[in-house]
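File shown: input-v4.txt (compact mmCIF, C-alpha atoms and all ligand atoms).
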```
# COMPACT_ATOMS: atom_id res chain seq x y z
CA MET A 106 -12.32 19.72 -5.08
CA ARG A 107 -8.81 20.21 -6.57
CA VAL A 108 -6.41 17.53 -5.44
CA THR A 109 -2.62 17.34 -5.79
CA LEU A 110 -1.54 13.72 -5.62
CA THR A 111 1.65 11.68 -5.50
CA GLY A 112 1.66 7.98 -6.35
CA GLY A 113 -1.22 8.11 -8.85
CA THR A 114 0.35 5.40 -11.01
CA GLY A 115 0.52 2.87 -8.14
CA PHE A 116 -1.60 -0.15 -7.23
CA LEU A 117 -3.62 1.99 -4.83
CA GLY A 118 -3.08 5.30 -6.65
CA LEU A 119 -4.86 4.12 -9.79
CA ARG A 120 -7.96 3.28 -7.76
CA LEU A 121 -7.74 6.58 -5.85
CA ILE A 122 -7.74 8.38 -9.19
CA ARG A 123 -10.85 6.47 -10.25
CA GLU A 124 -12.65 7.57 -7.08
CA LEU A 125 -11.50 11.19 -7.45
CA VAL A 126 -12.62 11.35 -11.09
CA ASN A 127 -15.99 9.87 -10.09
CA ARG A 128 -16.29 12.83 -7.72
CA ASN A 129 -15.31 15.28 -10.50
CA CYS A 130 -12.15 16.33 -8.67
CA SER A 131 -9.44 17.93 -10.73
CA VAL A 132 -6.14 16.16 -10.13
CA THR A 133 -2.58 17.42 -10.37
CA LEU A 134 -0.37 14.37 -10.62
CA LEU A 135 3.09 14.71 -9.14
CA SER A 136 5.10 12.19 -11.09
CA ARG A 137 8.64 10.92 -11.02
CA ARG A 138 10.89 13.15 -13.13
CA GLY A 139 11.93 11.46 -16.36
CA SER A 140 9.24 8.75 -16.31
CA THR A 141 6.66 8.26 -19.06
CA SER A 142 3.73 10.66 -18.68
CA SER A 143 1.59 9.70 -15.66
CA ILE A 144 -1.50 10.81 -17.54
CA ASP A 145 -0.74 8.28 -20.27
CA ARG A 146 0.19 5.51 -17.82
CA ILE A 147 -2.94 6.05 -15.76
CA SER A 148 -5.13 6.23 -18.88
CA HIS A 149 -3.70 2.88 -19.96
CA GLY A 150 -4.20 1.48 -16.44
CA LEU A 151 -7.81 2.64 -16.36
CA GLN A 152 -8.37 1.00 -19.72
CA LEU A 153 -6.96 -2.28 -18.34
CA LEU A 154 -9.31 -1.89 -15.38
CA SER A 155 -12.14 -1.86 -17.95
CA GLU A 156 -13.05 1.81 -17.60
CA THR A 157 -14.96 3.26 -20.56
CA THR A 158 -13.44 5.57 -23.15
CA ASP A 159 -15.73 8.34 -21.85
CA PHE A 160 -14.40 7.86 -18.33
CA ILE A 161 -10.79 7.99 -19.56
CA HIS A 162 -11.51 11.19 -21.50
CA LYS A 163 -13.05 12.65 -18.37
CA PHE A 164 -9.90 11.73 -16.41
CA ARG A 165 -7.71 13.37 -19.06
CA ARG A 166 -9.82 16.54 -18.91
CA LEU A 167 -9.54 16.70 -15.12
CA ALA A 168 -5.81 15.83 -14.88
CA ASP A 169 -2.58 17.71 -15.32
CA GLU A 170 0.88 16.69 -14.25
CA THR A 171 4.07 18.09 -12.82
CA GLU A 172 7.37 16.23 -12.67
CA ILE A 173 9.03 16.04 -9.27
CA GLU A 174 12.10 14.68 -7.54
CA ILE A 175 10.50 13.35 -4.40
CA GLU A 176 13.76 13.09 -2.43
CA GLN A 177 14.64 16.75 -3.03
CA PRO A 178 13.58 19.62 -0.76
CA LEU A 179 10.30 21.04 -2.09
CA PHE A 180 10.41 18.23 -4.67
CA GLY A 181 13.00 20.24 -6.61
CA LEU A 182 10.30 22.63 -7.86
CA PRO A 183 11.07 26.30 -8.48
CA ASP A 184 9.19 28.96 -6.50
CA ASP A 185 6.84 29.98 -9.30
CA ALA A 186 5.77 26.35 -9.93
CA LEU A 187 5.23 25.86 -6.18
CA GLU A 188 3.17 29.00 -5.95
CA LYS A 189 0.90 27.82 -8.78
CA LEU A 190 0.67 24.33 -7.29
CA VAL A 191 -0.47 25.41 -3.84
CA ARG A 192 -2.93 27.93 -5.28
CA ARG A 193 -4.74 25.25 -7.24
CA THR A 194 -4.85 22.70 -4.39
CA ASP A 195 -7.74 22.15 -1.98
CA MET A 196 -6.26 18.91 -0.67
CA PHE A 197 -2.81 17.34 -0.80
CA PHE A 198 -2.85 13.58 -1.20
CA HIS A 199 0.34 11.62 -0.56
CA SER A 200 0.22 8.03 -1.80
CA ALA A 201 3.72 7.64 -3.30
CA GLY A 202 5.89 5.21 -1.46
CA ASN A 203 8.52 2.53 -1.71
CA ILE A 204 6.66 -0.59 -0.53
CA ASP A 205 9.55 -3.05 -0.84
CA LEU A 206 9.54 -5.07 2.39
CA ASN A 207 12.97 -6.45 1.66
CA THR A 208 15.05 -3.36 1.24
CA GLY A 209 17.26 -1.31 3.50
CA ALA A 210 16.83 2.10 5.05
CA ARG A 211 19.11 3.71 2.52
CA SER A 212 16.80 3.08 -0.39
CA ILE A 213 13.46 3.31 1.39
CA ARG A 214 13.81 6.39 3.61
CA PRO A 215 14.53 8.96 0.88
CA VAL A 216 11.11 8.19 -0.64
CA ASN A 217 9.01 7.36 2.41
CA VAL A 218 10.44 9.73 5.01
CA ASP A 219 12.20 12.55 3.10
CA GLY A 220 9.46 12.45 0.44
CA THR A 221 6.78 12.97 3.10
CA ARG A 222 8.75 15.79 4.75
CA ASN A 223 9.25 17.49 1.38
CA PHE A 224 5.57 17.26 0.49
CA LEU A 225 4.58 18.61 3.92
CA ASP A 226 6.90 21.59 3.36
CA ILE A 227 5.06 22.29 0.13
CA ALA A 228 1.67 21.92 1.83
CA SER A 229 2.73 24.46 4.49
CA ARG A 230 2.66 27.07 1.74
CA SER A 231 -1.04 26.59 1.04
CA PRO A 232 -2.81 29.95 1.22
CA TYR A 233 -6.04 28.13 2.21
CA GLY A 234 -4.61 25.79 4.86
CA ALA A 235 -5.41 22.86 2.58
CA PRO A 236 -5.46 19.54 4.44
CA PHE A 237 -2.79 16.90 3.95
CA CYS A 238 -4.07 13.37 3.40
CA HIS A 239 -1.26 10.90 4.03
CA VAL A 240 -1.45 7.25 2.98
CA SER A 241 0.32 5.31 5.68
CA THR A 242 -0.13 1.63 6.59
CA ALA A 243 -1.68 -0.42 9.38
CA PHE A 244 1.82 -1.93 9.64
CA VAL A 245 3.17 1.12 11.47
CA ALA A 246 2.22 -1.08 14.45
CA GLY A 247 5.49 -2.85 13.62
CA SER A 248 6.51 -5.90 15.65
CA ARG A 249 3.60 -5.62 18.00
CA ARG A 250 2.23 -9.02 17.11
CA SER A 251 -0.86 -9.43 19.29
CA GLY A 252 -3.61 -7.41 20.90
CA ARG A 253 -5.77 -4.60 19.60
CA VAL A 254 -4.10 -1.70 17.78
CA TYR A 255 -5.92 1.61 18.08
CA GLU A 256 -5.93 4.39 15.53
CA ALA A 257 -4.34 6.70 18.12
CA ASP A 258 -1.42 4.28 18.64
CA LEU A 259 1.88 5.36 17.13
CA ASN A 260 5.13 4.39 18.78
CA ASP A 261 8.23 2.35 18.16
CA THR A 262 8.35 0.48 21.46
CA HIS A 263 7.86 -2.94 19.82
CA GLY A 264 10.35 -2.33 17.02
CA PHE A 265 9.64 -3.16 13.40
CA GLU A 266 9.58 -6.23 11.21
CA ASN A 267 11.33 -4.36 8.39
CA GLU A 268 12.56 -0.92 7.30
CA TYR A 269 9.37 -0.28 5.35
CA GLU A 270 7.33 -0.30 8.57
CA ARG A 271 9.85 1.89 10.36
CA SER A 272 9.90 4.42 7.53
CA LYS A 273 6.10 4.64 7.46
CA CYS A 274 5.96 5.11 11.25
CA ASP A 275 8.52 7.91 11.05
CA ALA A 276 6.60 9.52 8.18
CA GLU A 277 3.40 9.50 10.25
CA ALA A 278 5.26 11.19 13.11
CA LEU A 279 6.30 13.93 10.66
CA VAL A 280 2.66 14.48 9.67
CA HIS A 281 1.68 14.86 13.34
CA ARG A 282 4.49 17.35 13.95
CA TRP A 283 3.61 19.34 10.82
CA ALA A 284 -0.09 19.58 11.81
CA ARG A 285 0.84 20.66 15.34
CA ASP A 286 3.51 23.18 14.33
CA ASN A 287 1.47 24.73 11.52
CA GLY A 288 -2.04 24.40 12.97
CA MET A 289 -3.01 22.58 9.77
CA PRO A 290 -5.44 19.66 9.36
CA ALA A 291 -4.13 16.23 8.36
CA LEU A 292 -5.67 12.86 7.67
CA ILE A 293 -3.72 9.68 8.07
CA MET A 294 -5.05 6.62 6.29
CA ARG A 295 -3.71 3.25 7.37
CA PRO A 296 -4.65 0.49 4.95
CA SER A 297 -3.86 -3.13 5.75
CA ILE A 298 -2.64 -5.49 2.98
CA LEU A 299 -4.28 -4.43 -0.26
CA LEU A 300 -5.41 -7.08 -2.71
CA THR A 301 -7.59 -7.37 -5.74
CA ASP A 302 -9.61 -10.15 -7.31
CA ARG A 303 -8.53 -8.94 -10.76
CA SER A 304 -5.74 -11.12 -11.99
CA PRO A 305 -2.50 -9.25 -12.78
CA VAL A 306 -2.00 -8.16 -16.36
CA SER A 307 1.03 -6.55 -17.89
CA GLY A 308 0.71 -2.77 -17.66
CA LEU A 309 -0.96 -2.74 -14.24
CA PRO A 310 0.98 -2.44 -10.96
CA ALA A 311 1.95 -5.85 -9.57
CA HIS A 312 -0.32 -7.91 -7.33
CA PRO A 313 1.18 -7.97 -3.80
CA PHE A 314 1.48 -11.78 -3.83
CA GLN A 315 3.46 -11.83 -7.09
CA THR A 316 6.80 -11.70 -5.23
CA ILE A 317 5.87 -14.58 -2.93
CA SER A 318 4.60 -16.63 -5.84
CA GLY A 319 7.81 -15.97 -7.78
CA LEU A 320 9.99 -17.10 -4.86
CA LEU A 321 8.04 -20.27 -4.23
CA ARG A 322 7.88 -21.11 -7.90
CA ALA A 323 11.58 -20.46 -8.56
CA SER A 324 12.68 -23.22 -6.20
CA THR A 325 10.39 -25.74 -7.89
CA ILE A 326 11.63 -24.69 -11.34
CA GLU A 327 15.18 -25.44 -10.15
CA ARG A 328 14.10 -28.91 -9.02
CA GLY A 329 12.22 -29.50 -12.27
CA ILE A 330 8.89 -30.01 -10.50
CA ALA A 331 7.16 -26.71 -11.30
CA GLY A 332 3.64 -27.22 -12.57
CA LEU A 333 3.56 -30.91 -11.56
CA SER A 334 0.69 -32.28 -9.56
CA ILE A 335 2.40 -33.85 -6.56
CA PRO A 336 0.53 -35.24 -3.53
CA ARG A 337 0.94 -32.81 -0.64
CA GLY A 338 2.79 -35.27 1.57
CA LEU A 339 5.52 -35.74 -1.06
CA ARG A 340 6.19 -32.09 -1.81
CA PRO A 341 9.35 -30.30 -0.64
CA VAL A 342 8.74 -28.59 2.69
CA ILE A 343 9.26 -24.87 3.25
CA HIS A 344 9.44 -24.13 6.95
CA MET A 345 8.21 -20.75 8.10
CA VAL A 346 8.20 -19.35 11.60
CA GLY A 347 4.63 -18.81 12.63
CA ARG A 348 1.66 -19.74 14.75
CA PRO A 349 -1.34 -21.74 13.61
CA ASP A 350 -3.69 -19.03 14.92
CA ALA A 351 -1.92 -16.23 12.99
CA ARG A 352 -4.13 -13.98 10.88
CA LEU A 353 -3.62 -11.06 8.58
CA ASN A 354 -5.91 -8.25 7.57
CA CYS A 355 -6.37 -8.06 3.80
CA LEU A 356 -8.61 -5.57 2.06
CA PRO A 357 -9.76 -5.19 -1.55
CA VAL A 358 -7.84 -2.22 -2.97
CA GLU A 359 -10.99 -0.90 -4.62
CA ASP A 360 -12.80 -0.77 -1.24
CA ALA A 361 -9.76 0.87 0.37
CA ALA A 362 -9.66 3.60 -2.30
CA SER A 363 -13.36 4.24 -2.01
CA ALA A 364 -13.15 4.52 1.80
CA ILE A 365 -10.06 6.77 1.71
CA VAL A 366 -11.55 9.23 -0.77
CA ARG A 367 -14.89 9.28 1.03
CA ILE A 368 -13.27 9.94 4.41
CA ALA A 369 -11.07 12.64 2.84
CA ALA A 370 -14.07 14.31 1.19
CA GLU A 371 -16.22 14.20 4.32
CA HIS A 372 -13.56 15.01 6.89
CA GLY A 373 -14.19 17.71 9.44
CA THR A 374 -10.90 17.49 11.23
CA THR A 375 -8.98 20.54 12.33
CA ASP A 376 -5.92 18.68 13.61
CA VAL A 377 -4.99 15.05 12.83
CA ALA A 378 -7.45 12.21 12.26
CA THR A 379 -6.08 8.70 11.80
CA HIS A 380 -8.14 5.97 10.14
CA HIS A 381 -7.53 2.26 9.98
CA ILE A 382 -8.60 1.20 6.50
CA VAL A 383 -9.14 -2.45 7.27
CA HIS A 384 -11.42 -5.38 6.60
CA PRO A 385 -13.82 -6.47 9.38
CA GLU A 386 -12.57 -10.09 9.08
CA ASN A 387 -8.99 -11.32 9.09
CA VAL A 388 -7.61 -13.98 6.77
CA SER A 389 -6.24 -16.99 8.63
CA ALA A 390 -2.70 -18.30 8.18
CA GLU A 391 -4.29 -21.59 7.15
CA THR A 392 -6.07 -19.93 4.22
CA LEU A 393 -2.95 -18.05 3.11
CA ILE A 394 -0.87 -21.22 3.30
CA GLU A 395 -3.47 -23.06 1.22
CA LEU A 396 -3.21 -20.23 -1.33
CA PHE A 397 0.59 -20.17 -1.38
CA GLU A 398 0.66 -23.94 -1.88
CA LYS A 399 -1.31 -23.38 -5.07
CA PHE A 400 1.48 -21.16 -6.41
CA ALA A 401 3.91 -24.08 -6.58
CA PRO A 402 4.09 -27.77 -5.55
CA ILE A 403 5.55 -27.14 -2.10
CA ARG A 404 4.28 -27.69 1.43
CA ILE A 405 4.49 -24.89 3.98
CA LYS A 406 5.02 -25.92 7.56
CA LEU A 407 4.73 -23.43 10.40
CA ALA A 408 7.22 -23.94 13.21
CA SER A 409 8.34 -22.04 16.29
CA ALA A 410 11.86 -21.74 14.82
CA LEU A 411 13.52 -22.46 11.50
CA PRO A 412 15.51 -25.70 11.18
CA GLU A 413 19.25 -25.29 11.59
CA ARG A 414 19.87 -26.35 8.00
CA LEU A 415 17.67 -24.80 5.39
CA SER A 416 17.06 -26.55 2.07
CA PRO A 417 17.97 -24.55 -1.08
CA ALA A 418 14.24 -23.84 -1.57
CA GLU A 419 13.97 -22.52 1.97
CA GLN A 420 17.11 -20.45 1.59
CA ARG A 421 15.67 -18.85 -1.50
CA PHE A 422 12.31 -18.18 0.13
CA HIS A 423 13.85 -16.74 3.29
CA SER A 424 16.23 -14.55 1.28
CA TYR A 425 13.13 -12.36 0.99
CA ALA A 426 12.84 -11.67 4.68
CA GLY A 427 10.23 -8.94 4.42
CA PHE A 428 7.11 -11.08 4.57
CA SER A 429 8.19 -14.02 6.69
CA ALA A 430 7.50 -12.40 10.08
CA TYR A 431 3.82 -11.96 9.40
CA PHE A 432 2.76 -15.52 10.19
CA ARG A 433 3.51 -14.62 13.82
CA HIS A 434 0.84 -11.93 13.93
CA THR A 435 -2.52 -12.26 15.63
CA ARG A 436 -3.19 -8.57 16.25
CA VAL A 437 -6.41 -6.87 15.22
CA TYR A 438 -7.09 -3.25 14.27
CA ASP A 439 -9.65 -1.02 15.91
CA ASP A 440 -11.34 1.09 13.21
CA ARG A 441 -13.82 3.20 15.16
CA ASN A 442 -12.74 6.51 13.55
CA THR A 443 -13.32 5.03 10.13
CA ARG A 444 -16.69 3.53 11.06
CA ARG A 445 -17.75 6.85 12.57
CA VAL A 446 -17.29 8.56 9.20
CA LEU A 447 -18.47 5.75 6.92
CA GLY A 448 -21.22 4.42 9.15
CA SER A 449 -19.84 0.90 8.57
CA ALA A 450 -16.61 -1.01 8.01
CA CYS A 451 -14.57 -0.22 4.89
CA SER A 452 -15.48 -3.40 3.07
CA GLN A 453 -18.29 -5.90 2.85
CA THR A 454 -16.45 -7.94 0.20
CA PRO A 455 -15.61 -11.44 1.49
CA VAL A 456 -11.86 -12.00 1.21
CA ASP A 457 -12.16 -15.78 1.04
CA MET A 458 -10.39 -18.44 -0.97
CA ALA A 459 -12.51 -17.72 -4.05
CA TYR A 460 -11.49 -14.05 -3.87
CA LEU A 461 -7.82 -14.85 -3.33
CA LEU A 462 -7.77 -17.38 -6.16
CA SER A 463 -9.44 -14.99 -8.55
CA GLY A 464 -6.81 -12.29 -7.93
CA THR A 465 -3.89 -14.65 -8.33
CA TYR A 466 -5.12 -16.68 -11.30
CA ALA A 467 -2.41 -15.44 -13.66
CA ILE A 468 0.43 -15.90 -11.18
CA ARG A 469 -0.38 -19.50 -10.37
N1 LIG B 501 -0.03 -2.09 -1.49
C1 LIG B 501 -0.36 -2.31 -0.23
O1 LIG B 501 -0.70 -3.45 0.15
C2 LIG B 501 -0.36 -1.18 0.77
C3 LIG B 501 -0.87 -1.44 2.05
C4 LIG B 501 -0.86 -0.42 2.99
C5 LIG B 501 -0.39 0.83 2.65
N2 LIG B 501 0.10 1.05 1.39
C6 LIG B 501 0.61 2.40 1.10
O2 LIG B 501 -0.11 2.88 -0.02
C7 LIG B 501 0.70 3.76 -0.78
C8 LIG B 501 0.62 3.35 -2.23
O3 LIG B 501 1.10 2.02 -2.37
P1 LIG B 501 0.90 1.22 -3.73
O4 LIG B 501 0.43 -0.13 -3.37
O5 LIG B 501 0.10 2.02 -4.69
O6 LIG B 501 2.42 1.11 -4.21
P2 LIG B 501 2.99 0.93 -5.68
O7 LIG B 501 2.05 0.19 -6.57
O8 LIG B 501 4.37 0.40 -5.52
O9 LIG B 501 3.07 2.43 -6.21
C9 LIG B 501 3.96 3.33 -5.65
C10 LIG B 501 3.67 4.70 -6.20
O10 LIG B 501 4.63 5.60 -5.64
C11 LIG B 501 5.34 6.25 -6.69
N3 LIG B 501 6.73 6.44 -6.35
C12 LIG B 501 7.58 5.55 -5.80
N4 LIG B 501 8.80 6.07 -5.73
C13 LIG B 501 8.73 7.32 -6.25
C14 LIG B 501 9.67 8.36 -6.48
N5 LIG B 501 10.96 8.22 -6.14
N6 LIG B 501 9.24 9.52 -7.04
C15 LIG B 501 7.95 9.68 -7.37
N7 LIG B 501 7.00 8.73 -7.20
C16 LIG B 501 7.40 7.56 -6.65
C17 LIG B 501 5.25 5.27 -7.86
O11 LIG B 501 5.53 5.97 -9.07
P3 LIG B 501 6.09 5.17 -10.36
O12 LIG B 501 4.89 4.48 -10.95
O13 LIG B 501 6.67 6.21 -11.21
O14 LIG B 501 7.09 4.18 -9.84
C18 LIG B 501 3.83 4.78 -7.72
O15 LIG B 501 2.93 5.73 -8.25
C19 LIG B 501 2.12 3.67 -0.20
O16 LIG B 501 2.36 4.82 0.56
C20 LIG B 501 2.07 2.43 0.69
O17 LIG B 501 2.93 2.57 1.79
C21 LIG B 501 0.12 0.08 0.44
```
Take the structure from the file and write it as structure tokens.
Amino acid sequence: MRVTLTGGTGFLGLRLIRELVNRNCSVTLLSRRGSTSSIDRISHGLQLLSETTDFIHKFRRLADETEIEIEQPLFGLPDDALEKLVRRTDMFFHSAGNIDLNTGARSIRPVNVDGTRNFLDIASRSPYGAPFCHVSTAFVAGSRRSGRVYEADLNDTHGFENEYERSKCDAEALVHRWARDNGMPALIMRPSILLTDRSPVSGLPAHPFQTISGLLRASTIERGIAGLSIPRGLRPVIHMVGRPDARLNCLPVEDAASAIVRIAAEHGTTDVATHHIVHPENVSAETLIELFEKFAPIRIKLASALPERLSPAEQRFHSYAGFSAYFRHTRVYDDRNTRRVLGSACSQTPVDMAYLLSGTYAIR
């Protein structure tokens, strides 16, 4: 299979590449214009993920790259380059995205919404009706905080916790419209929170909890207590709005990549198939709080509302608003489409405290 992929240098993209190379797929990487070669960055990333020299050579043999401007119509590519691109593509794979939960529409929508529309316009030119595989997120469910979310669900009636979620929901709607208007097949993959048990190293995309760790740690550095062993009861309190029964779905990124590529390779869809790429068990708020309290000597307290006066540490933490809503979530994801294809859930890897600690070792 010949795949044309955006986002290959990302946290997920790197693992998607590994799965595609394992399947001997040739890969055209669509990379940000003006950045260092994606082939070189990915080769380095694969090396840091302990892939063998033979595997990296195989990747380099199977890969080529084209520079794009994702926000531009048709990615700013001239007609002859587009013609070549669509002729050598059996599947379009869209993983590029701005995943900043704390940013505004103005910076996120050009990548997540316009970028998707632009890639779909390119895919429409496929002479073979090549399918479009779109990496979305389980968080298109937005501010719907409880209940069971189905793979067929896509609406904005509950609103969104942040602009990231809204942009991904709007991008999914574009994929549906494109498939309907063009009679083309599309796959929508909705991963939950992606994690790894490999500790972050320089040169690899950041671990998702690095931002949270940085925020919690910064306040304790200011108070001169970072790194100190302080009994829990004496630590500065960070209040967060949340419920004790909150839970979040977290999935090893390696398992997500494997499931996504397998579903894409085995798909038989002629219109749109949506797949929740989720773990069968959720991680409790209690476990996540225990983890976050290992990042810095603070104590997290869940409350129904924030205190009127926030401490400087709380102000700093809540300045990053993107994550703070999630301790109010108890919803679960139905993944029957995914299980139908895979024959099982996406992951059998326990995402327990040992797993979480292993992946955050270097950021604690
Ligand atoms: N990480 C998660 O927990 C998670 C969970 C659910 C869904 N997802 C979805 O999975 C996809 C991949 O996420 P990720 O975790 O791999 O994110 P990431 O590590 O931040 O990587 C983002 C990728 O998108 C590319 N990209 C961003 N802006 C671009 C631009 N203007 N032009 C060209 N390429 C651009 C990046 O290229 P550069 O390397 O050049 O910046 C990088 O390859 C996203 O669509 C995201 O919404 C992620």
Sort by chain and increasing residue number a table of all residues of chain A within 9 Å of ligand LIG 501 (chain B), each with its closest pair of atoms and their distance in Å to one decimal, counting only C-alpha atoms and all ligand atoms, and write it as a Markdown table.
```
| residue | atom | partner | partner_atom | distance |
| --- | --- | --- | --- | --- |
| A:Thr111 | CA | B:LIG501 | N7 | 6.3 |
| A:Gly112 | CA | B:LIG501 | O15 | 3.2 |
| A:Gly113 | CA | B:LIG501 | O15 | 4.8 |
| A:Thr114 | CA | B:LIG501 | O15 | 3.8 |
| A:Gly115 | CA | B:LIG501 | O9 | 3.2 |
| A:Phe116 | CA | B:LIG501 | O7 | 3.7 |
| A:Leu117 | CA | B:LIG501 | O5 | 3.7 |
| A:Gly118 | CA | B:LIG501 | O5 | 5.0 |
| A:Leu119 | CA | B:LIG501 | O5 | 7.4 |
| A:Arg120 | CA | B:LIG501 | O5 | 8.7 |
| A:Leu135 | CA | B:LIG501 | C15 | 7.2 |
| A:Ser136 | CA | B:LIG501 | C15 | 5.3 |
| A:Arg137 | CA | B:LIG501 | C15 | 3.9 |
| A:Arg138 | CA | B:LIG501 | N6 | 7.3 |
| A:Ser140 | CA | B:LIG501 | O13 | 6.3 |
| A:Thr141 | CA | B:LIG501 | O13 | 8.1 |
| A:Ser143 | CA | B:LIG501 | O13 | 7.6 |
| A:Arg146 | CA | B:LIG501 | O12 | 8.4 |
| A:Glu172 | CA | B:LIG501 | C15 | 8.4 |
| A:Ile173 | CA | B:LIG501 | C15 | 6.7 |
| A:Glu174 | CA | B:LIG501 | N6 | 5.9 |
| A:Ile175 | CA | B:LIG501 | N6 | 4.8 |
| A:Glu176 | CA | B:LIG501 | N5 | 6.7 |
| A:His199 | CA | B:LIG501 | O16 | 7.2 |
| A:Ser200 | CA | B:LIG501 | C7 | 4.4 |
| A:Ala201 | CA | B:LIG501 | O10 | 3.2 |
| A:Gly202 | CA | B:LIG501 | O16 | 4.1 |
| A:Asn203 | CA | B:LIG501 | C12 | 5.2 |
| A:Ile204 | CA | B:LIG501 | O17 | 5.4 |
| A:Asp205 | CA | B:LIG501 | O8 | 7.8 |
| A:Ile213 | CA | B:LIG501 | N4 | 8.9 |
| A:Pro215 | CA | B:LIG501 | N5 | 7.9 |
| A:Val216 | CA | B:LIG501 | N5 | 5.5 |
| A:Asn217 | CA | B:LIG501 | O16 | 7.4 |
| A:Gly220 | CA | B:LIG501 | N5 | 8.0 |
| A:His239 | CA | B:LIG501 | O16 | 7.9 |
| A:Val240 | CA | B:LIG501 | O16 | 5.1 |
| A:Ser241 | CA | B:LIG501 | O17 | 5.4 |
| A:Thr242 | CA | B:LIG501 | C5 | 4.0 |
| A:Ala243 | CA | B:LIG501 | C4 | 6.4 |
| A:Phe244 | CA | B:LIG501 | C4 | 7.3 |
| A:Tyr269 | CA | B:LIG501 | O17 | 7.9 |
| A:Glu270 | CA | B:LIG501 | O17 | 8.6 |
| A:Lys273 | CA | B:LIG501 | O17 | 6.8 |
| A:Met294 | CA | B:LIG501 | C5 | 8.3 |
| A:Arg295 | CA | B:LIG501 | C5 | 6.3 |
| A:Pro296 | CA | B:LIG501 | C4 | 4.4 |
| A:Ser297 | CA | B:LIG501 | C4 | 4.9 |
| A:Ile298 | CA | B:LIG501 | O1 | 4.0 |
| A:Leu299 | CA | B:LIG501 | O1 | 3.7 |
| A:Leu300 | CA | B:LIG501 | O1 | 6.6 |
| A:Leu309 | CA | B:LIG501 | O7 | 8.7 |
| A:Pro310 | CA | B:LIG501 | O7 | 5.2 |
| A:Ala311 | CA | B:LIG501 | O7 | 6.7 |
| A:His312 | CA | B:LIG501 | N1 | 8.2 |
| A:Pro313 | CA | B:LIG501 | O1 | 6.3 |
| A:Cys355 | CA | B:LIG501 | O1 | 8.2 |
| A:Leu356 | CA | B:LIG501 | O1 | 8.4 |
| A:Val358 | CA | B:LIG501 | O1 | 7.9 |
| A:Ile382 | CA | B:LIG501 | C4 | 8.7 |
```
Quiz prompt | One-decimal distance in Å that lies between CA of Arg433 in chain A and CA of Lys406 in chain A | solution =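 CA of Lys406 in chain A sits 13.0 Å away from CA of Arg433 in chain A.
Nearest residue to Pro412 in chain A among A:Ala430, A:Gly464, A:Ile343, A:Val456 is A:Ile343, counting only C-alpha atoms.
Coordinates place CA of Ala361 in chain A at a distance of 15.8 Å from CA of Arg445 in chain A.
For the choices A:Met345, A:Ile144, A:Leu320, A:Val218, the atom-to-atom distance to Asp169 in chain A is smallest for A:Ile144 when using all atoms listed in the file.
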Quiz item: So how many Å separate CA of Ala210 in chain A and CA of Gln177 in chain A, to one decimal?
Solution: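 Going from CA of Ala210 in chain A over to CA of Gln177 in chain A, I get 16.9 Å.
Nearest residue to Glu419 in chain A, choosing from A:Val108, A:Leu407, A:Val342, A:Ala291 and counting only C-alpha atoms: A:Val342.
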Spatial neighbours of Asp360 in chain A, 9 Å, only C-alpha atoms, chain gap at least 2 places, as a PDB file with C-alpha atoms, in the frame of the given file:
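New file part_22.pdb:
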```pdb
ATOM      1  CA  LEU A 356      -8.610  -5.570   2.060  1.00  0.00           C
ATOM      2  CA  PRO A 357      -9.760  -5.190  -1.550  1.00  0.00           C
ATOM      3  CA  VAL A 358      -7.840  -2.220  -2.970  1.00  0.00           C
ATOM      4  CA  ALA A 362      -9.660   3.600  -2.300  1.00  0.00           C
ATOM      5  CA  SER A 363     -13.360   4.240  -2.010  1.00  0.00           C
ATOM      6  CA  ALA A 364     -13.150   4.520   1.800  1.00  0.00           C
ATOM      7  CA  ILE A 365     -10.060   6.770   1.710  1.00  0.00           C
ATOM      8  CA  CYS A 451     -14.570  -0.220   4.890  1.00  0.00           C
ATOM      9  CA  SER A 452     -15.480  -3.400   3.070  1.00  0.00           C
ATOM     10  CA  GLN A 453     -18.290  -5.900   2.850  1.00  0.00           C
ATOM     11  CA  THR A 454     -16.450  -7.940   0.200  1.00  0.00           C
TER      12      THR A 454
END
```
Practice problem: Find the spatial neighbours of Phe314 in chain A, counting only C-alpha atoms, within a cut-off of 9 Å - ignore same-chain residues fewer than 5 positions away - and output them as a ChimeraX atom specification. | Solution: /A:300,319,397,465,468
Quiz item: Looking at A:Asn442, A:Asn223, A:Gly308, A:Glu395, which one is nearest to His149 in chain A, with distances taken over all atoms listed in the file?
Solution: A:Gly308
Quiz prompt | Residues within 9 Å of Ser409 in chain A, only C-alpha atoms, excluding chain neighbours under 5 positions, as a VMD selection string | solution = chain A and resid 345 to 348
Exercise. Please determine the residues with any atom at most 8 Å from (4.9, 4.5, 13.2) (coordinates as given in the file, with only C-alpha atoms counting) and report them as a count of residues only.
Key: 16
Quiz prompt | Counting all atoms listed in the file, the residue of A:Asn354, A:Thr194, A:Ser424, A:Gln152 that sits nearest Ser229 in chain A | solution =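 Residue with the minimum atom-to-atom distance to Ser229 in chain A: A:Thr194.
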Self-check item: Sphere at (-14.1, 11.0, 10.9), radius 10 Å, counting all atoms listed in the file: residues as an MDAnalysis selection string
Solution: chainID A and resid 292 368:369 371:374 378:380 441:448
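Compared by their closest atoms to Pro232 in chain A, and using only C-alpha atoms, the residues A:Ala390, A:Val306, A:Leu190, A:Leu396 rank with A:Leu190 nearest.
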Quiz item: Using all atoms listed in the file, which residues sit within 10 Å of Arg193 in chain A once same-chain residues fewer than 4 positions away are excluded, as a PyMOL selection string?
Solution: chain A and resi 106-109+131-133+188-189+231-233
